[in-house]
Amino acid sequence: MGRAFILGPKAWICPSPFFLAKSPVYRHFLPMSSWSPDSSSSPSLERAWSSIVVDGPERAASRAMLHAVGFTREDFAKSQVGIASTWSQVTPCNIHIDQLAVSVALGVQAGGGKPLVFNTITVSDGISMGSEGMKYSLVSREVIADSIETVVGCEGLDGVVAIGGCDKNMPGCLIALARLNRPAIFVYGGTILPGDHNGKPVDVVSVFEAVGQHAAGKISDEQLASLEAVAIPGAGSCGGMYTANTMASAIEALGMSLPNSSAQAAVSNEKTADCEAAGKAVVELIRKGIRPRDIMTRKAFENAITVVIALGGSTNAVLHLLAMAHAANVPLSIDDFTTIGQKVPVLADLKPSGKYVMAELVKIGGTVPLMKMLLDHGLLHGDCLTVTGKTMAENLENAPAYPVGQDVVRGFDNPIKKNSHLVVLYGNLAPGGAMAKISGKEGLVFKGTAICFDSEEAALQAILNGTVHKGHVVVIRYEGPKGGPGMREMLSPTSAIMGRGLGKDVALITDGRFSGGSHGFVIGHVTPEAFNGGPLAIVRDGDGIVIDAETCRITLDATDSEIATRLQGWKQPTPRYSRGVLAKYARSVSTASTGAVTDLE
């Protein structure tokens with residue numbers, strides 16, 4: 001009747017789609033939705049695609065196949081809604097999403113649609129971080145997008161609810177929804193609760209930084225083991241304002257999730273209700289003819305950028321929002337982050353550079369009060385349409401304020417930083433741009449000498465064994481989209497630097513990228529990447545480098561003629577992969593400054 005997965009002391013039961021379709025308990029579990037958007041929207045798309053697949057005598061074979069998976073005769077007259085589940089047992093971020101898919105399906109049924117659940121792949125950044133396997137992480141964004149597009153396009157589904165729980169799930173889902181442009185909603189799987197280690201809240205980044213502390217002799221084997229055993233207590237995405245929580249917040253600000261979907265615990269009544277509401281809401285979007293590209297406009301992307309900055313979000317948001325905008329045919333560039341960042345302050349005191357985890361933001365009301373603050377200060381476009389069928393301003397009209405006395409989110413009179421922490425740098429080391437995450441705590445200018453590595457592993461070993469010391473600028477190259485391939489995240493090296501107490505004394509530059517958990521003086525997304533003959537390829541040990549977040553410049557202490565001479569003597573290395581998914585990705589991927597997309601014309 002269902003699938004049972006034994007996960008520690010619990011058995012999670014997920015009813016099969018067949019059971020879901022047949023069971024009178026599930027069929028009538030929820031009341032019909034009383035929610036209804038403005039009726040003045042576009043014409044209905046109730047069976048715009050499914051009718052092509054199942055209507056008429058000539059489609060009898062198609063209907064016969066669907067009878068076998070639980071369709072009744074009456075179901076063929078309903079809108080078919082695909083529920084894209086990123087469930088997987090390989091990561092705590094997604095371990096519960098099969099259950100959330102059931103809740104979405106109940107909502108679709110209650111709204112009068114016919115749910116069809118299908119899966120995509122997912123991978124775990126946290127597990128693969130620092131290994132060769134991490135090269136598949138960004139690739140998985142494209143695989144997820146392609147798989148959702150493939151299933152929905154092939155099966156003639158009229159709408160989609162996509163559920164994501166880990167870093168690449170979310171942009172992968174949104175890229176697919178934008179490409180398909182069929183009525184759709186995104187549901188975030190939710191944040192994990194913090195672990196408890198000796199009375200202090202901890203998370204996965206605590207463990208990465210503890211590795212550096214261990215290498216420096218600051219903690220013992222036993223202390224490291226005791227931390228790793230409790231840092232991740234259950235289901236949900238990594239707990240700080242890392243990439244998962246950043247992207248969930250951005251998608252809500254974009255208008256593609258229901259209010260506060262981004263700020264709910266993974267295992268909670270609120271998340272279950274969010275899923276059921278999303279299922280009902282997507283059926284209404286189908287009836288009203290509201291599609292993702294009606295929502296994912298230029299103004300909506302500006303809203304998403306604004307919220308990411310206010311929350312102190314991950315640099316990965318730049319890469320992913322550019323890719324999502326590309327899929328939606330919306331012009332967006334890295335320079336837009338600079339323009340918006342000049343007027344938007346960082347208000348949330350969240351990890352990795354701040355004090356609090358996402359669960360603390362959830363406790364005080366989530367992202368909705370923050371967006372109301374931003375709207376009231378003229379920093380959000382209130383006229384943007386959202387998946388509620390209402391505008392952003394209408395959604396926020398009765399939004400509550402944060403409780404008096406909380407300090408998770410500051411007021412505009414006392415920001416963490418008066419402008420954006422996401423800084424786009426240019427210069428002779430990054431003619432096409434680079435991304436820095438500058439909280440201000442590490443300073444705004446760094447001058448040092450290069451110590452160069454052609455892989456993440458070599459750099460990490462040098463940091464842990466003490467080869468890297470105060471005044472060094474660690475250069476990690478050939479880790480870009482093509483050179484890696486896959487543009488790995490440098491969480492292990494950056495965490496090791498912090499763990500060894502060098503956070504203010506060592507900078508790191510790479511054509512790879514950073515986890516949302518990285519902090520310190522770190523610059524990634526260097527374009528052109530070294531594999532494509534970017535200047536990063538010809539930096540030598542001992543070269544002077546200046547990183548200036550005030551003037552937004554990153555400069556190699558070498559003349560133009562010296563750089564040109566070095567580049568003339570440089571030879572592109574042999575690709576690391578010649579066959580398989582990484583080789584295909586390397587052949588098709590664009591630069592980081594254009595979102596590392598694989599379908600750029």
# chains A, B, ... in the order shown; residues from 1 in each chain; ligands from 1
call {"tool": "select_by_dssp", "arguments": {"residues": "region 119-337 of chain A", "states": "strand (DSSP E or B)", "output": "PyMOL selection string"}}
result
chain A and resi 119+159-164+184-188+191+195-197+200-202+237+265
call {"tool": "write_last_selection", "arguments": {"atoms": "N, CA, C and O atoms", "output": "compact mmCIF listing (two decimals), in the first residue's frame"}}
result
# COMPACT_ATOMS: atom_id res chain seq x y z
N ASN A 119 9.58 12.01 -9.34
CA ASN A 119 10.81 12.38 -8.64
C ASN A 119 11.85 12.96 -9.59
O ASN A 119 11.83 12.72 -10.78
N GLY A 159 -0.21 21.78 -14.84
CA GLY A 159 0.40 22.63 -13.82
C GLY A 159 1.43 21.85 -13.06
O GLY A 159 1.52 20.62 -13.18
N VAL A 160 2.22 22.54 -12.25
CA VAL A 160 3.32 21.90 -11.52
C VAL A 160 3.45 22.52 -10.14
O VAL A 160 3.38 23.74 -9.99
N VAL A 161 3.65 21.66 -9.14
CA VAL A 161 4.16 22.10 -7.85
C VAL A 161 5.51 21.43 -7.67
O VAL A 161 5.59 20.19 -7.72
N ALA A 162 6.56 22.20 -7.53
CA ALA A 162 7.91 21.66 -7.35
C ALA A 162 8.34 21.87 -5.91
O ALA A 162 8.15 22.96 -5.36
N ILE A 163 8.90 20.83 -5.31
CA ILE A 163 9.32 20.88 -3.90
C ILE A 163 10.83 20.67 -3.85
O ILE A 163 11.32 19.63 -4.30
N GLY A 164 11.55 21.62 -3.29
CA GLY A 164 13.00 21.51 -3.20
C GLY A 164 13.49 21.71 -1.79
O GLY A 164 12.88 22.46 -1.01
N ALA A 184 2.30 27.22 -11.98
CA ALA A 184 3.22 26.50 -11.11
C ALA A 184 3.48 27.25 -9.82
O ALA A 184 3.36 28.48 -9.75
N ILE A 185 3.86 26.49 -8.80
CA ILE A 185 4.24 27.02 -7.49
C ILE A 185 5.45 26.23 -7.00
O ILE A 185 5.57 25.03 -7.25
N PHE A 186 6.33 26.91 -6.29
CA PHE A 186 7.44 26.24 -5.63
C PHE A 186 7.17 26.16 -4.14
O PHE A 186 6.70 27.13 -3.52
N VAL A 187 7.48 25.01 -3.54
CA VAL A 187 7.37 24.81 -2.10
C VAL A 187 8.77 24.48 -1.56
O VAL A 187 9.45 23.58 -2.07
N TYR A 188 9.18 25.22 -0.55
CA TYR A 188 10.46 24.95 0.10
C TYR A 188 10.29 23.84 1.12
O TYR A 188 9.33 23.85 1.91
N THR A 191 13.65 24.57 6.78
CA THR A 191 14.95 24.60 7.44
C THR A 191 15.04 23.56 8.55
O THR A 191 14.03 23.18 9.17
N GLY A 195 21.37 21.91 15.96
CA GLY A 195 21.81 20.90 16.91
C GLY A 195 22.24 21.55 18.22
O GLY A 195 22.32 22.78 18.32
N ASP A 196 22.50 20.73 19.21
CA ASP A 196 22.92 21.25 20.51
C ASP A 196 24.21 20.56 20.92
O ASP A 196 24.25 19.33 21.05
N HIS A 197 25.25 21.36 21.11
CA HIS A 197 26.54 20.80 21.54
C HIS A 197 27.00 21.54 22.77
O HIS A 197 27.33 22.73 22.71
N LYS A 200 25.22 24.81 23.27
CA LYS A 200 25.32 25.83 22.23
C LYS A 200 24.71 25.33 20.93
O LYS A 200 24.88 24.16 20.58
N PRO A 201 23.97 26.20 20.21
CA PRO A 201 23.42 25.77 18.92
C PRO A 201 24.53 25.57 17.89
O PRO A 201 25.45 26.39 17.79
N VAL A 202 24.45 24.49 17.12
CA VAL A 202 25.47 24.18 16.13
C VAL A 202 24.81 23.72 14.84
O VAL A 202 23.63 23.34 14.83
N SER A 237 16.96 21.71 5.62
CA SER A 237 18.13 22.30 4.98
C SER A 237 19.03 22.98 6.00
O SER A 237 18.57 23.40 7.07
N ALA A 265 9.93 25.55 9.63
CA ALA A 265 10.72 24.36 9.93
C ALA A 265 10.30 23.22 9.03
O ALA A 265 9.13 23.09 8.67
call {"tool": "closest_atom_pairs", "arguments": {"of": "region 431-535 of chain A", "to": "region 317-339 of chain A", "cutoff": "10 Å", "atoms": "only C-alpha atoms", "output": "tab-separated table"}}
result
residue	atom	partner	partner_atom	distance
A:Gly432	CA	A:Ile334	CA	9.8
A:Gly433	CA	A:Ile334	CA	8.0
A:Ala434	CA	A:Ile334	CA	9.0
A:Met435	CA	A:Val318	CA	8.4
A:Arg513	CA	A:Leu319	CA	9.2
A:Gly516	CA	A:Ala317	CA	8.9
A:His525	CA	A:Leu319	CA	8.6
call {"tool": "write_last_selection", "arguments": {"atoms": "N, CA, C and O atoms", "output": "PDB file, in the first residue's frame"}}
result
ATOM      1  N   GLY A 432      35.969  40.082 -16.384  1.00  0.00           N
ATOM      2  CA  GLY A 432      34.544  39.805 -16.543  1.00  0.00           C
ATOM      3  C   GLY A 432      33.764  39.824 -15.251  1.00  0.00           C
ATOM      4  O   GLY A 432      32.580  39.518 -15.230  1.00  0.00           O
ATOM      5  N   GLY A 433      34.436  40.178 -14.164  1.00  0.00           N
ATOM      6  CA  GLY A 433      33.758  40.296 -12.880  1.00  0.00           C
ATOM      7  C   GLY A 433      34.056  39.141 -11.942  1.00  0.00           C
ATOM      8  O   GLY A 433      34.463  38.046 -12.353  1.00  0.00           O
ATOM      9  N   ALA A 434      33.889  39.399 -10.661  1.00  0.00           N
ATOM     10  CA  ALA A 434      34.022  38.393  -9.611  1.00  0.00           C
ATOM     11  C   ALA A 434      33.075  38.777  -8.482  1.00  0.00           C
ATOM     12  O   ALA A 434      32.669  39.936  -8.367  1.00  0.00           O
ATOM     13  N   MET A 435      32.711  37.798  -7.658  1.00  0.00           N
ATOM     14  CA  MET A 435      31.785  38.038  -6.556  1.00  0.00           C
ATOM     15  C   MET A 435      32.492  37.924  -5.213  1.00  0.00           C
ATOM     16  O   MET A 435      33.182  36.940  -4.945  1.00  0.00           O
ATOM     17  N   ARG A 513      33.291  28.609  -6.631  1.00  0.00           N
ATOM     18  CA  ARG A 513      32.291  29.393  -5.910  1.00  0.00           C
ATOM     19  C   ARG A 513      32.345  29.041  -4.432  1.00  0.00           C
ATOM     20  O   ARG A 513      33.206  28.274  -4.001  1.00  0.00           O
ATOM     21  N   GLY A 516      27.080  28.922   0.897  1.00  0.00           N
ATOM     22  CA  GLY A 516      26.485  29.988   1.688  1.00  0.00           C
ATOM     23  C   GLY A 516      27.048  30.029   3.090  1.00  0.00           C
ATOM     24  O   GLY A 516      26.922  31.032   3.799  1.00  0.00           O
ATOM     25  N   HIS A 525      33.819  33.188  -8.324  1.00  0.00           N
ATOM     26  CA  HIS A 525      33.191  33.457  -9.621  1.00  0.00           C
ATOM     27  C   HIS A 525      34.108  34.285 -10.529  1.00  0.00           C
ATOM     28  O   HIS A 525      33.626  35.045 -11.375  1.00  0.00           O
TER      29      HIS A 525
END
call {"tool": "select_by_dssp", "arguments": {"residues": "region 102-314 of chain A", "states": "helix (DSSP H, G or I)", "output": "number ranges by chain"}}
result
A: 102-110, 125-128, 132-155, 169-180, 204-215, 221-228, 243-254, 269-288, 292-295, 298-311
call {"tool": "write_last_selection", "arguments": {"atoms": "C-alpha atoms", "output": "CSV table (one decimal), in the first residue's frame"}}
result
chain,number,residue,atom,x,y,z
A,102,VAL,CA,1.7,13.7,-0.2
A,103,SER,CA,0.4,16.9,1.5
A,104,VAL,CA,0.6,18.8,-1.8
A,105,ALA,CA,-1.3,16.0,-3.6
A,106,LEU,CA,-4.0,16.2,-1.0
A,107,GLY,CA,-4.3,20.0,-1.6
A,108,VAL,CA,-4.5,19.4,-5.4
A,109,GLN,CA,-7.3,16.9,-4.9
A,110,ALA,CA,-9.1,19.2,-2.5
A,125,ASP,CA,26.6,19.4,-1.1
A,126,GLY,CA,27.3,19.0,2.6
A,127,ILE,CA,28.4,15.4,2.2
A,128,SER,CA,30.4,15.8,-1.1
A,132,GLU,CA,35.7,15.2,-6.4
A,133,GLY,CA,32.0,14.4,-6.0
A,134,MET,CA,31.3,18.1,-5.4
A,135,LYS,CA,31.9,18.7,-9.1
A,136,TYR,CA,28.4,17.2,-9.7
A,137,SER,CA,26.7,19.7,-7.4
A,138,LEU,CA,26.1,22.6,-9.8
A,139,VAL,CA,25.6,20.1,-12.6
A,140,SER,CA,22.6,18.7,-10.6
A,141,ARG,CA,20.9,22.0,-11.0
A,142,GLU,CA,20.7,21.5,-14.8
A,143,VAL,CA,19.8,17.8,-14.4
A,144,ILE,CA,16.9,18.7,-12.1
A,145,ALA,CA,15.7,21.4,-14.4
A,146,ASP,CA,15.9,19.1,-17.5
A,147,SER,CA,14.2,16.3,-15.7
A,148,ILE,CA,11.2,18.4,-14.6
A,149,GLU,CA,10.9,19.9,-18.0
A,150,THR,CA,11.1,16.4,-19.6
A,151,VAL,CA,8.4,14.8,-17.4
A,152,VAL,CA,5.9,17.7,-17.6
A,153,GLY,CA,6.5,18.2,-21.3
A,154,CYS,CA,6.2,14.5,-22.1
A,155,GLU,CA,3.1,13.8,-19.9
A,169,ASN,CA,17.0,21.8,-6.1
A,170,MET,CA,15.5,25.2,-5.8
A,171,PRO,CA,17.0,27.1,-8.8
A,172,GLY,CA,16.7,23.8,-10.8
A,173,CYS,CA,13.0,23.7,-10.1
A,174,LEU,CA,12.6,27.4,-11.0
A,175,ILE,CA,14.5,27.1,-14.2
A,176,ALA,CA,12.2,24.3,-15.3
A,177,LEU,CA,9.1,26.2,-14.3
A,178,ALA,CA,10.2,29.2,-16.2
A,179,ARG,CA,11.0,27.2,-19.3
A,180,LEU,CA,7.7,25.3,-19.2
A,204,VAL,CA,27.0,21.8,9.6
A,205,VAL,CA,29.3,24.8,9.3
A,206,SER,CA,30.3,24.4,12.9
A,207,VAL,CA,31.7,21.0,11.9
A,208,PHE,CA,33.6,22.3,8.9
A,209,GLU,CA,35.2,25.0,11.1
A,210,ALA,CA,35.9,22.5,13.8
A,211,VAL,CA,38.1,20.6,11.3
A,212,GLY,CA,40.3,23.6,11.1
A,213,GLN,CA,40.3,23.9,14.9
A,214,HIS,CA,41.3,20.2,15.1
A,215,ALA,CA,44.2,20.8,12.6
A,221,ASP,CA,39.5,13.8,18.3
A,222,GLU,CA,36.8,13.2,20.9
A,223,GLN,CA,35.5,16.8,20.8
A,224,LEU,CA,35.3,16.7,17.1
A,225,ALA,CA,33.5,13.4,17.2
A,226,SER,CA,31.0,14.6,19.8
A,227,LEU,CA,30.2,17.7,17.7
A,228,GLU,CA,29.7,15.8,14.4
A,243,THR,CA,22.3,28.9,0.0
A,244,ALA,CA,19.2,26.8,0.6
A,245,ASN,CA,17.5,29.4,3.0
A,246,THR,CA,18.8,32.2,0.7
A,247,MET,CA,17.2,30.7,-2.4
A,248,ALA,CA,14.0,29.8,-0.6
A,249,SER,CA,13.7,33.5,0.5
A,250,ALA,CA,14.6,34.8,-2.9
A,251,ILE,CA,11.9,32.6,-4.6
A,252,GLU,CA,9.3,33.8,-2.1
A,253,ALA,CA,10.3,37.4,-2.8
A,254,LEU,CA,10.1,36.5,-6.5
A,269,ASN,CA,2.4,21.8,11.1
A,270,GLU,CA,3.1,25.0,9.3
A,271,LYS,CA,5.1,23.3,6.5
A,272,THR,CA,2.3,20.6,6.1
A,273,ALA,CA,-0.3,23.4,5.8
A,274,ASP,CA,2.0,25.2,3.3
A,275,CYS,CA,2.1,22.2,1.1
A,276,GLU,CA,-1.7,21.6,1.2
A,277,ALA,CA,-2.3,25.3,0.4
A,278,ALA,CA,0.2,25.2,-2.5
A,279,GLY,CA,-1.7,22.2,-4.0
A,280,LYS,CA,-5.0,24.1,-3.9
A,281,ALA,CA,-3.4,27.3,-5.1
A,282,VAL,CA,-1.9,25.8,-8.2
A,283,VAL,CA,-5.3,24.6,-9.4
A,284,GLU,CA,-6.6,28.2,-9.0
A,285,LEU,CA,-3.6,29.4,-11.0
A,286,ILE,CA,-4.6,27.0,-13.8
A,287,ARG,CA,-8.2,28.2,-13.7
A,288,LYS,CA,-7.1,31.8,-13.8
A,292,PRO,CA,5.3,31.7,-14.1
A,293,ARG,CA,6.5,34.3,-16.6
A,294,ASP,CA,3.5,36.5,-15.6
A,295,ILE,CA,5.2,36.5,-12.1
A,298,ARG,CA,12.2,42.1,-14.1
A,299,LYS,CA,10.7,43.9,-11.1
A,300,ALA,CA,10.2,40.5,-9.4
A,301,PHE,CA,13.8,39.6,-9.8
A,302,GLU,CA,14.8,43.0,-8.3
A,303,ASN,CA,12.6,42.1,-5.3
A,304,ALA,CA,14.4,38.8,-5.0
A,305,ILE,CA,17.8,40.5,-5.0
A,306,THR,CA,16.6,43.1,-2.4
A,307,VAL,CA,15.5,40.4,0.0
A,308,VAL,CA,18.7,38.4,-0.5
A,309,ILE,CA,20.8,41.4,0.4
A,310,ALA,CA,18.6,42.3,3.4
A,311,LEU,CA,19.0,38.8,4.8
call {"tool": "residues_around", "arguments": {"residues": "Val506 (chain A)", "least_positions_apart": "4", "cutoff": "6 Å", "atoms": "only C-alpha atoms", "output": "VMD selection string"}}
result
chain A and resid 470 to 473 502
call {"tool": "write_last_selection", "arguments": {"atoms": "C-alpha atoms", "output": "PDB file, in the first residue's frame"}}
result
ATOM      1  CA  LYS A 470      49.117  35.487   7.664  1.00  0.00           C
ATOM      2  CA  GLY A 471      49.311  37.806   4.656  1.00  0.00           C
ATOM      3  CA  HIS A 472      48.640  35.143   2.047  1.00  0.00           C
ATOM      4  CA  VAL A 473      46.048  35.423  -0.692  1.00  0.00           C
ATOM      5  CA  LEU A 502      43.159  33.281  10.085  1.00  0.00           C
TER       6      LEU A 502
END
call {"tool": "residues_around", "arguments": {"residues": "Ala393 (chain A)", "least_positions_apart": "3", "cutoff": "10 Å", "atoms": "only C-alpha atoms", "output": "PDB file with C-alpha atoms, in the first residue's frame"}}
result
ATOM      1  CA  MET A 371       9.381  42.197   3.241  1.00  0.00           C
ATOM      2  CA  LYS A 372       6.771  44.528   4.726  1.00  0.00           C
ATOM      3  CA  LEU A 375       8.047  47.611   1.002  1.00  0.00           C
ATOM      4  CA  ASP A 376       7.295  50.435   3.441  1.00  0.00           C
ATOM      5  CA  LEU A 380      10.214  46.464  -3.042  1.00  0.00           C
ATOM      6  CA  HIS A 381       7.962  46.668  -6.080  1.00  0.00           C
ATOM      7  CA  GLY A 382       4.543  46.159  -4.549  1.00  0.00           C
ATOM      8  CA  ASP A 383       2.746  45.783  -7.880  1.00  0.00           C
ATOM      9  CA  CYS A 384       4.377  42.444  -8.762  1.00  0.00           C
ATOM     10  CA  LEU A 385       1.974  39.529  -9.210  1.00  0.00           C
ATOM     11  CA  THR A 386       2.484  36.458  -6.995  1.00  0.00           C
ATOM     12  CA  LYS A 390      -2.569  38.925  -5.628  1.00  0.00           C
ATOM     13  CA  LEU A 396       1.780  42.209   2.725  1.00  0.00           C
ATOM     14  CA  GLU A 397      -1.069  44.606   3.507  1.00  0.00           C
ATOM     15  CA  ASN A 398      -1.828  43.100   6.917  1.00  0.00           C
ATOM     16  CA  ALA A 399       1.619  41.658   7.629  1.00  0.00           C
TER      17      ALA A 399
END
call {"tool": "closest_residue", "arguments": {"among": "A:Gly517, A:Pro481, A:Gly411, A:Gly499", "to": "Ala216 (chain A)", "atoms": "only C-alpha atoms"}}
result
A:Gly499
call {"tool": "closest_residue", "arguments": {"among": "A:Glu58, A:Asp158, A:Asp167, A:Asp505", "to": "Thr122 (chain A)", "atoms": "only C-alpha atoms"}}
result
A:Asp167
call {"tool": "residues_around", "arguments": {"residues": "Ile497 (chain A)", "least_positions_apart": "4", "cutoff": "9 Å", "atoms": "only C-alpha atoms", "output": "PDB file with all heavy atoms, in the first residue's frame"}}
result
ATOM      1  N   GLU A 209      34.218  24.134  10.386  1.00  0.00           N
ATOM      2  CA  GLU A 209      35.188  24.999  11.064  1.00  0.00           C
ATOM      3  C   GLU A 209      35.935  24.249  12.166  1.00  0.00           C
ATOM      4  O   GLU A 209      37.106  24.538  12.451  1.00  0.00           O
ATOM      5  CB  GLU A 209      34.482  26.242  11.606  1.00  0.00           C
ATOM      6  CG  GLU A 209      33.946  27.128  10.477  1.00  0.00           C
ATOM      7  CD  GLU A 209      33.346  28.445  10.950  1.00  0.00           C
ATOM      8  OE1 GLU A 209      33.324  28.684  12.176  1.00  0.00           O
ATOM      9  OE2 GLU A 209      32.903  29.234  10.093  1.00  0.00           O
ATOM     10  N   GLY A 212      39.190  22.732  11.000  1.00  0.00           N
ATOM     11  CA  GLY A 212      40.330  23.639  11.085  1.00  0.00           C
ATOM     12  C   GLY A 212      40.848  23.777  12.502  1.00  0.00           C
ATOM     13  O   GLY A 212      42.064  23.837  12.728  1.00  0.00           O
ATOM     14  N   LEU A 460      43.512  23.025   0.437  1.00  0.00           N
ATOM     15  CA  LEU A 460      43.052  22.625   1.767  1.00  0.00           C
ATOM     16  C   LEU A 460      44.193  22.001   2.562  1.00  0.00           C
ATOM     17  O   LEU A 460      44.377  22.316   3.750  1.00  0.00           O
ATOM     18  CB  LEU A 460      41.886  21.642   1.649  1.00  0.00           C
ATOM     19  CG  LEU A 460      41.354  21.077   2.969  1.00  0.00           C
ATOM     20  CD1 LEU A 460      40.825  22.196   3.864  1.00  0.00           C
ATOM     21  CD2 LEU A 460      40.267  20.045   2.703  1.00  0.00           C
ATOM     22  N   ILE A 463      46.488  24.675   3.843  1.00  0.00           N
ATOM     23  CA  ILE A 463      45.904  25.437   4.950  1.00  0.00           C
ATOM     24  C   ILE A 463      46.000  24.630   6.239  1.00  0.00           C
ATOM     25  O   ILE A 463      46.414  25.148   7.292  1.00  0.00           O
ATOM     26  CB  ILE A 463      44.440  25.800   4.639  1.00  0.00           C
ATOM     27  CG1 ILE A 463      44.371  26.750   3.445  1.00  0.00           C
ATOM     28  CG2 ILE A 463      43.777  26.431   5.866  1.00  0.00           C
ATOM     29  CD1 ILE A 463      42.967  26.875   2.833  1.00  0.00           C
ATOM     30  N   LEU A 464      45.657  23.357   6.168  1.00  0.00           N
ATOM     31  CA  LEU A 464      45.634  22.526   7.366  1.00  0.00           C
ATOM     32  C   LEU A 464      47.039  22.253   7.910  1.00  0.00           C
ATOM     33  O   LEU A 464      47.220  22.145   9.134  1.00  0.00           O
ATOM     34  CB  LEU A 464      44.917  21.201   7.075  1.00  0.00           C
ATOM     35  CG  LEU A 464      43.413  21.301   6.792  1.00  0.00           C
ATOM     36  CD1 LEU A 464      42.845  19.927   6.430  1.00  0.00           C
ATOM     37  CD2 LEU A 464      42.650  21.875   7.994  1.00  0.00           C
ATOM     38  N   VAL A 468      49.958  27.791   4.571  1.00  0.00           N
ATOM     39  CA  VAL A 468      49.293  29.086   4.397  1.00  0.00           C
ATOM     40  C   VAL A 468      49.361  29.843   5.714  1.00  0.00           C
ATOM     41  O   VAL A 468      49.034  29.301   6.781  1.00  0.00           O
ATOM     42  CB  VAL A 468      47.824  28.892   3.965  1.00  0.00           C
ATOM     43  CG1 VAL A 468      47.076  30.225   3.977  1.00  0.00           C
ATOM     44  CG2 VAL A 468      47.758  28.258   2.570  1.00  0.00           C
ATOM     45  N   SER A 492      35.284  23.911   2.407  1.00  0.00           N
ATOM     46  CA  SER A 492      36.334  23.273   3.213  1.00  0.00           C
ATOM     47  C   SER A 492      37.541  24.194   3.404  1.00  0.00           C
ATOM     48  O   SER A 492      37.993  24.389   4.546  1.00  0.00           O
ATOM     49  CB  SER A 492      36.754  21.944   2.577  1.00  0.00           C
ATOM     50  OG  SER A 492      35.697  21.013   2.651  1.00  0.00           O
ATOM     51  N   PRO A 493      38.101  24.807   2.347  1.00  0.00           N
ATOM     52  CA  PRO A 493      39.225  25.733   2.570  1.00  0.00           C
ATOM     53  C   PRO A 493      38.850  26.961   3.394  1.00  0.00           C
ATOM     54  O   PRO A 493      39.615  27.368   4.279  1.00  0.00           O
ATOM     55  CB  PRO A 493      39.645  26.127   1.152  1.00  0.00           C
ATOM     56  CG  PRO A 493      39.177  25.022   0.280  1.00  0.00           C
ATOM     57  CD  PRO A 493      37.900  24.544   0.913  1.00  0.00           C
ATOM     58  N   GLY A 501      41.925  30.294  12.779  1.00  0.00           N
ATOM     59  CA  GLY A 501      42.027  31.640  13.332  1.00  0.00           C
ATOM     60  C   GLY A 501      42.629  32.659  12.395  1.00  0.00           C
ATOM     61  O   GLY A 501      43.136  33.692  12.832  1.00  0.00           O
ATOM     62  N   LEU A 502      42.547  32.394  11.077  1.00  0.00           N
ATOM     63  CA  LEU A 502      43.159  33.281  10.085  1.00  0.00           C
ATOM     64  C   LEU A 502      42.130  34.074   9.288  1.00  0.00           C
ATOM     65  O   LEU A 502      42.464  34.651   8.250  1.00  0.00           O
ATOM     66  CB  LEU A 502      44.016  32.444   9.118  1.00  0.00           C
ATOM     67  CG  LEU A 502      45.230  31.728   9.720  1.00  0.00           C
ATOM     68  CD1 LEU A 502      45.830  30.762   8.702  1.00  0.00           C
ATOM     69  CD2 LEU A 502      46.267  32.736  10.189  1.00  0.00           C
ATOM     70  N   GLY A 503      40.904  34.138   9.780  1.00  0.00           N
ATOM     71  CA  GLY A 503      39.825  34.750   9.020  1.00  0.00           C
ATOM     72  C   GLY A 503      40.066  36.191   8.600  1.00  0.00           C
ATOM     73  O   GLY A 503      39.623  36.616   7.532  1.00  0.00           O
ATOM     74  N   VAL A 506      43.970  36.152   6.146  1.00  0.00           N
ATOM     75  CA  VAL A 506      44.165  35.438   4.888  1.00  0.00           C
ATOM     76  C   VAL A 506      42.950  35.656   4.007  1.00  0.00           C
ATOM     77  O   VAL A 506      41.811  35.573   4.475  1.00  0.00           O
ATOM     78  CB  VAL A 506      44.369  33.922   5.138  1.00  0.00           C
ATOM     79  CG1 VAL A 506      44.304  33.138   3.824  1.00  0.00           C
ATOM     80  CG2 VAL A 506      45.694  33.666   5.839  1.00  0.00           C
ATOM     81  N   ALA A 507      43.183  35.949   2.736  1.00  0.00           N
ATOM     82  CA  ALA A 507      42.105  36.068   1.753  1.00  0.00           C
ATOM     83  C   ALA A 507      42.143  34.863   0.822  1.00  0.00           C
ATOM     84  O   ALA A 507      43.146  34.134   0.763  1.00  0.00           O
ATOM     85  CB  ALA A 507      42.246  37.357   0.960  1.00  0.00           C
ATOM     86  N   GLY A 520      34.439  35.331   5.617  1.00  0.00           N
ATOM     87  CA  GLY A 520      35.808  35.775   5.601  1.00  0.00           C
ATOM     88  C   GLY A 520      36.058  36.584   4.337  1.00  0.00           C
ATOM     89  O   GLY A 520      35.127  36.933   3.604  1.00  0.00           O
TER      90      GLY A 520
END
call {"tool": "closest_residue", "arguments": {"among": "A:Ala231, A:Cys238, A:Val387, A:Ala586", "to": "Leu258 (chain A)", "atoms": "only C-alpha atoms"}}
result
A:Val387
call {"tool": "decode", "arguments": {"residues": "region 481-491 of chain A", "atoms": "C-alpha atoms", "output": "tab-separated table (two decimals), in the first residue's frame"}}
result
chain	number	residue	atom	x	y	z
A	481	PRO	CA	32.41	25.89	-14.57
A	482	LYS	CA	34.52	24.47	-17.41
A	483	GLY	CA	37.84	23.92	-15.67
A	484	GLY	CA	36.60	21.97	-12.65
A	485	PRO	CA	34.35	21.16	-14.27
A	486	GLY	CA	31.35	22.04	-12.15
A	487	MET	CA	32.54	25.06	-10.15
A	488	ARG	CA	32.95	23.45	-6.75
A	489	GLU	CA	32.18	25.32	-3.53
A	490	MET	CA	35.21	26.14	-1.40
A	491	LEU	CA	33.61	25.62	2.01
